file work-v1.cif (mmCIF, C-alpha atoms and all ligand atoms)
data_target
#
loop_
_atom_site.label_atom_id
_atom_site.label_comp_id
_atom_site.auth_asym_id
_atom_site.auth_seq_id
_atom_site.Cartn_x
_atom_site.Cartn_y
_atom_site.Cartn_z
CA MET K 182 -36.18 17.39 18.47
CA GLU K 183 -32.84 16.70 19.97
CA CYS K 184 -29.95 18.05 17.97
CA LEU K 185 -28.42 15.26 15.90
CA MET K 186 -24.80 15.86 16.74
CA SER K 187 -25.09 17.67 20.06
CA ASP K 188 -22.53 15.51 21.81
CA ILE K 189 -19.59 15.82 19.45
CA ASP K 190 -16.94 18.52 19.26
CA LYS K 191 -17.87 19.59 15.75
CA ASP K 192 -14.70 21.58 15.03
CA GLN K 193 -12.50 18.70 16.07
CA VAL K 194 -14.51 16.14 14.10
CA VAL K 195 -14.64 18.31 10.95
CA GLY K 196 -10.89 18.95 11.29
CA LEU K 197 -10.20 15.22 11.36
CA LEU K 198 -12.60 14.51 8.49
CA ASN K 199 -10.88 17.18 6.40
CA ARG K 200 -7.47 15.64 7.04
CA ILE K 201 -8.91 12.25 6.11
CA LEU K 202 -10.35 13.76 2.91
CA GLU K 203 -6.96 15.29 2.00
CA GLN K 204 -5.12 12.07 2.75
CA GLU K 205 -7.51 9.95 0.67
CA LEU K 206 -7.36 12.41 -2.26
CA ALA K 207 -3.57 12.19 -2.15
CA GLY K 208 -4.02 8.41 -2.36
CA VAL K 209 -6.05 8.79 -5.57
CA VAL K 210 -3.23 10.78 -7.18
CA ARG K 211 -0.46 8.55 -5.81
CA TYR K 212 -1.95 5.22 -6.89
CA THR K 213 -2.86 6.59 -10.31
CA HIS K 214 0.69 7.91 -10.77
CA TYR K 215 2.24 4.59 -9.77
CA SER K 216 -0.08 2.70 -12.08
CA PHE K 217 1.55 4.42 -15.09
CA LEU K 218 5.00 3.24 -14.07
CA VAL K 219 4.64 -0.51 -13.91
CA PHE K 220 6.57 -2.42 -16.54
CA GLY K 221 7.43 -6.04 -17.06
CA HIS K 222 5.66 -9.39 -17.13
CA SER K 223 3.32 -8.85 -14.23
CA ARG K 224 2.25 -5.37 -15.34
CA ILE K 225 -1.42 -6.13 -16.00
CA PRO K 226 -2.49 -7.45 -12.55
CA ILE K 227 -0.37 -4.84 -10.74
CA VAL K 228 -1.77 -1.93 -12.77
CA SER K 229 -5.26 -3.24 -12.11
CA TRP K 230 -4.55 -3.53 -8.37
CA LEU K 231 -3.17 0.04 -8.25
CA ARG K 232 -6.21 1.40 -10.12
CA ASP K 233 -8.49 -0.44 -7.67
CA GLN K 234 -6.64 1.27 -4.82
CA ALA K 235 -7.07 4.66 -6.51
CA ASN K 236 -10.81 4.00 -6.84
CA GLU K 237 -11.07 2.91 -3.24
CA SER K 238 -9.25 6.05 -2.07
CA LEU K 239 -11.66 8.15 -4.14
CA LEU K 240 -14.62 6.39 -2.54
CA HIS K 241 -13.13 7.03 0.92
CA ALA K 242 -12.55 10.70 0.04
CA GLN K 243 -16.16 11.03 -1.13
CA GLN K 244 -17.47 9.42 2.06
CA ALA K 245 -15.44 11.82 4.23
CA GLY K 246 -16.54 14.83 2.15
CA GLU K 247 -20.21 13.87 2.40
CA LEU K 248 -19.92 13.65 6.19
CA ILE K 249 -18.27 17.09 6.32
CA THR K 250 -21.20 18.70 4.49
CA LEU K 251 -23.65 16.60 6.53
CA LEU K 252 -22.18 18.39 9.56
CA GLY K 253 -22.73 21.72 7.80
CA ALA K 254 -19.04 22.39 7.26
CA TYR K 255 -16.89 23.14 4.23
CA PRO K 256 -14.78 20.39 2.64
CA SER K 257 -11.09 21.06 2.06
CA LEU K 258 -9.86 21.48 -1.51
CA THR K 259 -6.27 20.72 -0.56
CA ILE K 260 -4.70 17.34 -0.97
CA GLY K 261 -2.33 15.63 1.44
CA PRO K 262 1.43 15.52 0.95
CA LEU K 263 2.69 13.71 -2.12
CA LEU K 264 6.14 12.33 -2.09
CA ASP K 265 7.73 11.17 -5.29
CA SER K 266 10.58 8.96 -4.31
CA HIS K 267 11.19 8.15 -8.00
CA GLN K 268 11.49 4.57 -6.87
CA HIS K 269 9.05 2.66 -8.91
CA ASP K 270 9.95 -0.90 -8.15
CA ILE K 271 6.89 -2.59 -6.77
CA GLY K 272 8.46 -3.24 -3.36
CA ALA K 273 9.09 0.50 -2.86
CA VAL K 274 5.54 1.33 -3.99
CA MET K 275 4.11 -1.22 -1.53
CA ARG K 276 6.25 0.03 1.36
CA GLU K 277 5.21 3.62 0.66
CA SER K 278 1.60 2.52 0.40
CA LEU K 279 1.83 0.78 3.77
CA GLU K 280 3.32 3.92 5.33
CA THR K 281 0.82 6.42 3.91
CA GLU K 282 -2.17 4.15 4.52
CA GLY K 283 -0.91 3.91 8.09
CA LYS K 284 -1.31 7.69 8.37
CA ALA K 285 -4.92 7.49 7.19
CA LEU K 286 -5.55 4.65 9.65
CA ALA K 287 -4.18 6.80 12.50
CA LEU K 288 -6.62 9.59 11.52
CA TYR K 289 -9.57 7.19 11.50
CA LYS K 290 -8.52 5.97 14.96
CA LYS K 291 -8.39 9.56 16.23
CA LEU K 292 -11.83 10.13 14.77
CA LEU K 293 -13.16 7.02 16.52
CA ALA K 294 -11.80 8.29 19.84
CA ALA K 295 -13.50 11.67 19.23
CA VAL K 296 -16.95 10.24 18.45
CA GLU K 297 -17.07 7.02 20.49
CA GLY K 298 -20.25 6.90 22.58
CA ARG K 299 -21.33 10.27 21.17
CA SER K 300 -22.58 9.60 17.66
CA VAL K 301 -23.59 6.13 16.52
CA MET K 302 -23.37 7.17 12.86
CA LEU K 303 -19.84 8.58 13.08
CA GLU K 304 -18.69 5.79 15.37
CA GLU K 305 -20.00 3.19 12.92
CA TYR K 306 -18.28 5.02 10.06
CA ALA K 307 -14.94 5.24 11.87
CA ARG K 308 -15.04 1.55 12.83
CA GLN K 309 -15.85 0.47 9.27
CA MET K 310 -12.99 2.55 7.91
CA ILE K 311 -10.54 1.17 10.47
CA TYR K 312 -11.66 -2.35 9.52
CA SER K 313 -11.19 -1.61 5.83
CA GLU K 314 -7.80 0.14 6.21
CA GLU K 315 -6.39 -2.56 8.50
CA LEU K 316 -7.52 -5.26 6.10
CA HIS K 317 -5.85 -3.34 3.29
CA ALA K 318 -2.61 -2.96 5.25
CA GLY K 319 -2.67 -6.71 5.95
CA GLU K 320 -3.04 -7.41 2.24
CA VAL K 321 -0.10 -5.14 1.34
CA ASP K 322 1.94 -6.79 4.09
CA LYS K 323 1.33 -10.18 2.47
CA MET K 324 2.43 -8.78 -0.88
CA LEU K 325 5.69 -7.60 0.71
CA ARG K 326 6.58 -11.07 2.01
CA LYS K 327 8.79 -13.33 0.01
CA PRO K 328 7.03 -16.42 -1.33
CA GLY K 329 7.13 -19.14 1.34
CA GLU K 330 7.69 -16.64 4.16
CA LEU K 331 4.91 -16.71 6.76
CA ALA K 332 6.01 -13.97 9.17
CA ALA K 333 4.44 -10.56 8.65
CA PHE K 334 6.62 -8.08 6.77
CA SER K 335 5.98 -5.37 9.37
CA GLN K 336 7.18 -7.73 12.14
CA SER K 337 10.38 -8.61 10.33
CA ALA K 338 10.97 -4.88 9.65
CA ASP K 339 10.56 -4.07 13.37
CA SER K 340 13.01 -6.66 14.64
FE FE K 401 -8.70 4.83 2.57
#

call {"tool": "encode", "arguments": {"input": "work-v1.cif", "output": "structure tokens"}}
result
Amino acid sequence: MECLMSDIDKDQVVGLLNRILEQELAGVVRYTHYSFLVFGHSRIPIVSWLRDQANESLLHAQQAGELITLLGAYPSLTIGPLLDSHQHDIGAVMRESLETEGKALALYKKLLAAVEGRSVMLEEYARQMIYSEELHAGEVDKMLRKPGELAAFSQSADS
């Protein structure tokens, strides 16, 4: 039988998956931390949104970890960098979320480039994650716009 993953550079792929795992685990901690610090009228939906993000990051971390062991490698027990800006207004939390999720997205894109045309399973995984992270970034971008403003937040920040 042909080796399942003969065409991929296993060290490179496992390295990227481990960085993804660390980044997603940092997301679990970050979103959970922020969820404790929401006060005011709109606390309930925002806390619930932040907890959903923590759960989604955990799911993403678990998916990356399962692929690492599928490849016969050892999953990292480190977590990615955590920055506490001590700015807990929702705008700052959203902007930081957009920035750190952007780092995870960049890792998934690197992974896609490393496996494209070489492993259908890993390629499918990377594409799904890019889809999900870009959708998420788009959602956060909408939350950063002022009501009535149509232009994307990221575009107005660039100009
Ligand atoms: Fe994620």

call {"tool": "axis_aligned_box", "arguments": {"input": "work-v1.cif", "around": "range 248-256 of chain K", "padding_each_side": "4 Å", "output": "JSON"}}
result
{"center_x": -19.2, "center_y": 18.4, "center_z": 6.1, "size_x": 16.9, "size_y": 17.5, "size_z": 14.9}

call {"tool": "residues_near_ligand", "arguments": {"input": "work-v1.cif", "ligand": "ligand FE 401 (chain K)", "cutoff": "10 Å", "atoms": "only C-alpha atoms and all ligand atoms", "output": "PyMOL selection string"}}
result
chain K and resi 201-202+204-206+208-209+234-242+244-245+281-286+289+310-311+313-315+317

call {"tool": "write_last_selection", "arguments": {"input": "work-v1.cif", "atoms": "C-alpha atoms", "output": "short mmCIF file (atom, residue, chain, number, x, y, z; two decimals), in the frame of the given file"}}
result
data_model
loop_
_atom_site.label_atom_id
_atom_site.label_comp_id
_atom_site.auth_asym_id
_atom_site.auth_seq_id
_atom_site.Cartn_x
_atom_site.Cartn_y
_atom_site.Cartn_z
CA ILE K 201 -8.91 12.25 6.11
CA LEU K 202 -10.35 13.76 2.91
CA GLN K 204 -5.12 12.07 2.75
CA GLU K 205 -7.51 9.95 0.67
CA LEU K 206 -7.36 12.41 -2.26
CA GLY K 208 -4.02 8.41 -2.36
CA VAL K 209 -6.05 8.79 -5.57
CA GLN K 234 -6.64 1.27 -4.82
CA ALA K 235 -7.07 4.66 -6.51
CA ASN K 236 -10.81 4.00 -6.84
CA GLU K 237 -11.07 2.91 -3.24
CA SER K 238 -9.25 6.05 -2.07
CA LEU K 239 -11.66 8.15 -4.14
CA LEU K 240 -14.62 6.39 -2.54
CA HIS K 241 -13.13 7.03 0.92
CA ALA K 242 -12.55 10.70 0.04
CA GLN K 244 -17.47 9.42 2.06
CA ALA K 245 -15.44 11.82 4.23
CA THR K 281 0.82 6.42 3.91
CA GLU K 282 -2.17 4.15 4.52
CA GLY K 283 -0.91 3.91 8.09
CA LYS K 284 -1.31 7.69 8.37
CA ALA K 285 -4.92 7.49 7.19
CA LEU K 286 -5.55 4.65 9.65
CA TYR K 289 -9.57 7.19 11.50
CA MET K 310 -12.99 2.55 7.91
CA ILE K 311 -10.54 1.17 10.47
CA SER K 313 -11.19 -1.61 5.83
CA GLU K 314 -7.80 0.14 6.21
CA GLU K 315 -6.39 -2.56 8.50
CA HIS K 317 -5.85 -3.34 3.29
#

call {"tool": "residues_around", "arguments": {"input": "work-v1.cif", "residues": "Phe334 in chain K", "least_positions_apart": "3", "cutoff": "12 Å", "atoms": "only C-alpha atoms", "output": "count of residues only"}}
result
21

call {"tool": "atom_distance", "arguments": {"input": "work-v1.cif", "atom1": "CA of Asn199 in chain K", "atom2": "CA of Tyr215 in chain K"}}
result
24.3 Å

call {"tool": "closest_residue", "arguments": {"input": "work-v1.cif", "among": "K:Ile227, K:Ala295, K:Ala207, K:Met302", "to": "Gly261 in chain K", "atoms": "all atoms listed in the file"}}
result
K:Ala207

call {"tool": "atom_distance", "arguments": {"input": "work-v1.cif", "atom1": "CA of Arg232 in chain K", "atom2": "CA of Tyr212 in chain K"}}
result
6.6 Å

call {"tool": "atom_distance", "arguments": {"input": "work-v1.cif", "atom1": "CA of Ala273 in chain K", "atom2": "CA of Arg308 in chain K"}}
result
28.8 Å

call {"tool": "residues_around", "arguments": {"input": "work-v1.cif", "residues": "Leu251 in chain K", "least_positions_apart": "6", "cutoff": "12 Å", "atoms": "all atoms listed in the file", "output": "list of chain:residue names"}}
result
K:Leu185, K:Met186, K:Lys191, K:Val194, K:Val195, K:Leu198, K:Gln244, K:Ala245, K:Met302, K:Leu303

call {"tool": "closest_residue", "arguments": {"input": "work-v1.cif", "among": "K:Leu293, K:Ile271, K:Leu263, K:Ala307", "to": "Arg211 in chain K", "atoms": "only C-alpha atoms"}}
result
K:Leu263
